[in-house]
Every structure is written in structure tokens, then in C-alpha cells.
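Here is the structure we will look at.
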Amino acid sequence: MTTLVEGTQPGGFLVWEAFRDYTRETITVAASTLEPGTVLGKITASGKYAAHDPAAVDGTETAVAVLWGKADASGGDAPAVAIVRGPAIVNRHDLVFAGTPSEGEIAAAHAALLAAGILVR
């Protein structure tokens with residue numbers, strides 16, 4: 001019997017949001033391929049978004065948004081939708097972090113998202 005595996009779905013991480021037209025925005029993702037639920041940071045110099053990286057010094061060290069759907073910017077920058085402000089609640093088990101951040105780095109990212117009104121539960 002064949003086993004089917006379902007990948008992550010757009011917005012599958014979302015528990016609740018007040019008004020989708022307020023919490024979501026179309027953003028530009030810098031060259032990379034990211035899955036739904038990826039925690040994002042904003043590159044200070046360009047204003048583009050990339051995967052949150054606690055070790056970076058380009059602005060992506062601060063978590064500021066959560067990617068709504070898959071973003072394929074492997075051929076260059078691409079538009080995508082992200083939750084950039086609250087009030088919203090997201091499931092911590094469905095968030096995607098690049099690399100292998102420590103528990104402390106994840107907690108700091110959750111706190112940074114909360115500052116944007118995105119509560120991680």
C-alpha cells in the first residue's frame with residue numbers, strides 16, 4: 001500500500017487572525033525557496049524579507065513576519081504573502097525556522113513576533 005505524505009499548506013500555521021486584510025501583506029522575498037510558516041526577518045538595506053537568522057547582522061536577526069504560502073525565489077526575488085502584524089495567533093509547532101536555532105533563539109523570535117502582534121502558542 002502506498003503511503004501518501006502531505007506537505008505544509010498555505011496558512012496551516014494560523015490559529016486565528018482579526019482581519020486578514022490588515023494582518024497580511026504582499027512582500028518581496030529575497031532569492032531563496034521557503035515553505036509556508038517560515039519565520040521571516042526583514043533585510044534592512046533592501047526592505048526584502050528572508051528566513052529569520054539569529055546570527056545575521058542584516059536585519060534578518062529579528063523575526064518580523066510569518067510566510068503565508070510557499071515562496072519560490074530561487075531564480076531571483078519573488079512576491080509572496082506574509083502575516084506581518086497582529087492581532088494574530090499562530091501554532092508554534094507549525095512554524096519553520098531556517099537552520100537549527102537554539103531554544104533561546106526560538107524564544108527570542110517568538111518574543112519579537114509578539115512585539116508585532118503575532119502571538120505564538
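By convention here, the chains of the C-alpha cells are called A, B, ... in the order presented, each chain's residues are numbered starting at 1, and ligands are numbered starting at 1 in the order presented.
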Write out as a VMD selection string which residues come within 12 Å of stretch 68-81 of chain A when counting only C-alpha atoms, dropping same-chain ones fewer than 5 positions away.
chain A and resid 7 to 14 20 to 21 23 to 40 46 to 51 90 94 to 96
Would you export the selected residues with N, CA and C atoms as an mmCIF file, in the first residue's frame, please?
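Final output, saved to result-v5.cif:
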data_model
loop_
_atom_site.group_PDB
_atom_site.id
_atom_site.type_symbol
_atom_site.label_atom_id
_atom_site.label_comp_id
_atom_site.auth_asym_id
_atom_site.auth_seq_id
_atom_site.Cartn_x
_atom_site.Cartn_y
_atom_site.Cartn_z
ATOM 1 N N GLY A 7 2.390 17.725 2.485
ATOM 2 C CA GLY A 7 3.293 18.787 2.915
ATOM 3 C C GLY A 7 2.545 19.879 3.648
ATOM 4 N N THR A 8 3.273 20.931 3.964
ATOM 5 C CA THR A 8 2.653 22.059 4.653
ATOM 6 C C THR A 8 1.721 22.800 3.704
ATOM 7 N N GLN A 9 0.651 23.317 4.251
ATOM 8 C CA GLN A 9 -0.350 24.024 3.470
ATOM 9 C C GLN A 9 -0.261 25.526 3.743
ATOM 10 N N PRO A 10 -0.587 26.360 2.750
ATOM 11 C CA PRO A 10 -0.598 27.799 2.989
ATOM 12 C C PRO A 10 -1.502 28.148 4.169
ATOM 13 N N GLY A 11 -0.959 28.886 5.111
ATOM 14 C CA GLY A 11 -1.728 29.326 6.270
ATOM 15 C C GLY A 11 -2.032 28.239 7.278
ATOM 16 N N GLY A 12 -1.467 27.047 7.113
ATOM 17 C CA GLY A 12 -1.738 25.946 8.023
ATOM 18 C C GLY A 12 -1.303 26.211 9.458
ATOM 19 N N PHE A 13 -0.422 27.138 9.645
ATOM 20 C CA PHE A 13 0.090 27.504 10.966
ATOM 21 C C PHE A 13 -0.839 28.452 11.721
ATOM 22 N N LEU A 14 -1.768 29.065 10.999
ATOM 23 C CA LEU A 14 -2.608 30.118 11.577
ATOM 24 C C LEU A 14 -3.703 29.537 12.458
ATOM 25 N N ARG A 20 -7.900 39.597 7.935
ATOM 26 C CA ARG A 20 -6.839 39.177 7.015
ATOM 27 C C ARG A 20 -6.321 40.321 6.153
ATOM 28 N N ASP A 21 -7.184 41.271 5.835
ATOM 29 C CA ASP A 21 -6.730 42.397 5.032
ATOM 30 C C ASP A 21 -5.831 43.346 5.819
ATOM 31 N N THR A 23 -3.768 42.015 8.652
ATOM 32 C CA THR A 23 -2.602 41.287 9.158
ATOM 33 C C THR A 23 -1.662 40.830 8.047
ATOM 34 N N ARG A 24 -2.169 40.631 6.846
ATOM 35 C CA ARG A 24 -1.352 40.110 5.737
ATOM 36 C C ARG A 24 -0.973 41.210 4.759
ATOM 37 N N GLU A 25 0.217 41.035 4.171
ATOM 38 C CA GLU A 25 0.676 41.949 3.122
ATOM 39 C C GLU A 25 1.427 41.160 2.071
ATOM 40 N N THR A 26 1.459 41.699 0.872
ATOM 41 C CA THR A 26 2.327 41.145 -0.161
ATOM 42 C C THR A 26 3.710 41.719 0.063
ATOM 43 N N ILE A 27 4.693 40.825 0.141
ATOM 44 C CA ILE A 27 6.072 41.227 0.413
ATOM 45 C C ILE A 27 6.962 40.735 -0.725
ATOM 46 N N THR A 28 8.226 41.110 -0.699
ATOM 47 C CA THR A 28 9.211 40.594 -1.636
ATOM 48 C C THR A 28 10.174 39.705 -0.875
ATOM 49 N N VAL A 29 10.287 38.458 -1.330
ATOM 50 C CA VAL A 29 11.203 37.504 -0.714
ATOM 51 C C VAL A 29 12.502 37.514 -1.502
ATOM 52 N N ALA A 30 13.616 37.683 -0.794
ATOM 53 C CA ALA A 30 14.931 37.658 -1.432
ATOM 54 C C ALA A 30 15.238 36.234 -1.882
ATOM 55 N N ALA A 31 16.040 36.108 -2.889
ATOM 56 C CA ALA A 31 16.358 34.842 -3.551
ATOM 57 C C ALA A 31 16.541 33.660 -2.602
ATOM 58 N N SER A 32 15.508 32.822 -2.539
ATOM 59 C CA SER A 32 15.528 31.573 -1.781
ATOM 60 C C SER A 32 14.188 30.883 -1.993
ATOM 61 N N THR A 33 14.086 29.651 -1.547
ATOM 62 C CA THR A 33 12.815 28.929 -1.588
ATOM 63 C C THR A 33 12.410 28.642 -0.158
ATOM 64 N N LEU A 34 11.226 29.104 0.237
ATOM 65 C CA LEU A 34 10.772 28.994 1.619
ATOM 66 C C LEU A 34 9.407 28.326 1.685
ATOM 67 N N GLU A 35 9.177 27.576 2.749
ATOM 68 C CA GLU A 35 7.928 26.862 2.970
ATOM 69 C C GLU A 35 6.929 27.721 3.753
ATOM 70 N N PRO A 36 5.631 27.399 3.644
ATOM 71 C CA PRO A 36 4.637 28.112 4.455
ATOM 72 C C PRO A 36 4.969 27.990 5.941
ATOM 73 N N GLY A 37 4.779 29.067 6.682
ATOM 74 C CA GLY A 37 5.063 29.061 8.111
ATOM 75 C C GLY A 37 6.488 29.435 8.460
ATOM 76 N N THR A 38 7.303 29.761 7.467
ATOM 77 C CA THR A 38 8.683 30.163 7.737
ATOM 78 C C THR A 38 8.701 31.507 8.452
ATOM 79 N N VAL A 39 9.448 31.578 9.532
ATOM 80 C CA VAL A 39 9.613 32.826 10.264
ATOM 81 C C VAL A 39 10.579 33.695 9.465
ATOM 82 N N LEU A 40 10.195 34.944 9.240
ATOM 83 C CA LEU A 40 10.959 35.848 8.386
ATOM 84 C C LEU A 40 11.571 37.003 9.154
ATOM 85 N N SER A 46 17.511 46.530 1.929
ATOM 86 C CA SER A 46 16.642 46.425 0.754
ATOM 87 C C SER A 46 15.155 46.448 1.071
ATOM 88 N N GLY A 47 14.776 46.140 2.313
ATOM 89 C CA GLY A 47 13.365 46.046 2.662
ATOM 90 C C GLY A 47 12.738 44.728 2.243
ATOM 91 N N LYS A 48 13.547 43.818 1.685
ATOM 92 C CA LYS A 48 13.052 42.499 1.298
ATOM 93 C C LYS A 48 13.091 41.575 2.507
ATOM 94 N N TYR A 49 12.365 40.479 2.408
ATOM 95 C CA TYR A 49 12.281 39.523 3.503
ATOM 96 C C TYR A 49 13.070 38.267 3.166
ATOM 97 N N ALA A 50 13.608 37.627 4.205
ATOM 98 C CA ALA A 50 14.336 36.368 4.068
ATOM 99 C C ALA A 50 14.110 35.568 5.343
ATOM 100 N N ALA A 51 14.514 34.314 5.336
ATOM 101 C CA ALA A 51 14.356 33.483 6.524
ATOM 102 C C ALA A 51 15.072 34.132 7.706
ATOM 103 N N VAL A 90 -0.553 32.133 16.049
ATOM 104 C CA VAL A 90 -0.005 31.066 15.217
ATOM 105 C C VAL A 90 0.407 29.880 16.089
ATOM 106 N N ASP A 94 3.903 24.550 14.058
ATOM 107 C CA ASP A 94 3.844 24.632 12.602
ATOM 108 C C ASP A 94 4.764 25.701 12.020
ATOM 109 N N LEU A 95 5.500 26.408 12.872
ATOM 110 C CA LEU A 95 6.430 27.419 12.375
ATOM 111 C C LEU A 95 7.696 26.738 11.876
ATOM 112 N N VAL A 96 8.291 27.319 10.848
ATOM 113 C CA VAL A 96 9.503 26.774 10.234
ATOM 114 C C VAL A 96 10.648 27.752 10.482
#
If DSSP is run on the backbone, what residues of stretch 88-117 of chain A are strand (DSSP E or B)? A reply as a list in words would be ideal.
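Taking stretch 88-117 of chain A and keeping strand (DSSP E or B) only, one gets Ala88, Ile89, Val90 and Val96 of chain A.
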Select, from A:His52, A:His93, A:Arg121, A:Arg85, the residue with the minimum atom-to-atom distance to A:Glu105, counting only C-alpha atoms.
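Looking at the shortest contact to A:Glu105, the residue is A:His52.
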So how far away is atom CA of A:Val64 from atom CA of A:Ala82, in Å?
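Computing it gives 9.9 Å between the two atoms.
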Could you tell me how far atom CA of A:Glu61 sits from atom CA of A:Glu17, in Å to one decimal place?
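Separating atom CA of A:Glu17 from atom CA of A:Glu61 is a distance of 24.7 Å.
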Please report, as an MDAnalysis selection string, each residue of chain A to which DSSP assigns alpha helix (DSSP H) when run on this structure's backbone.
chainID A and resid 20:23 103:115
Residue among A:Pro54, A:Ala18, A:Leu4, A:Val120 lying closest to A:Val66, counting only C-alpha atoms:
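Result for the nearest residue to A:Val66: A:Val120.
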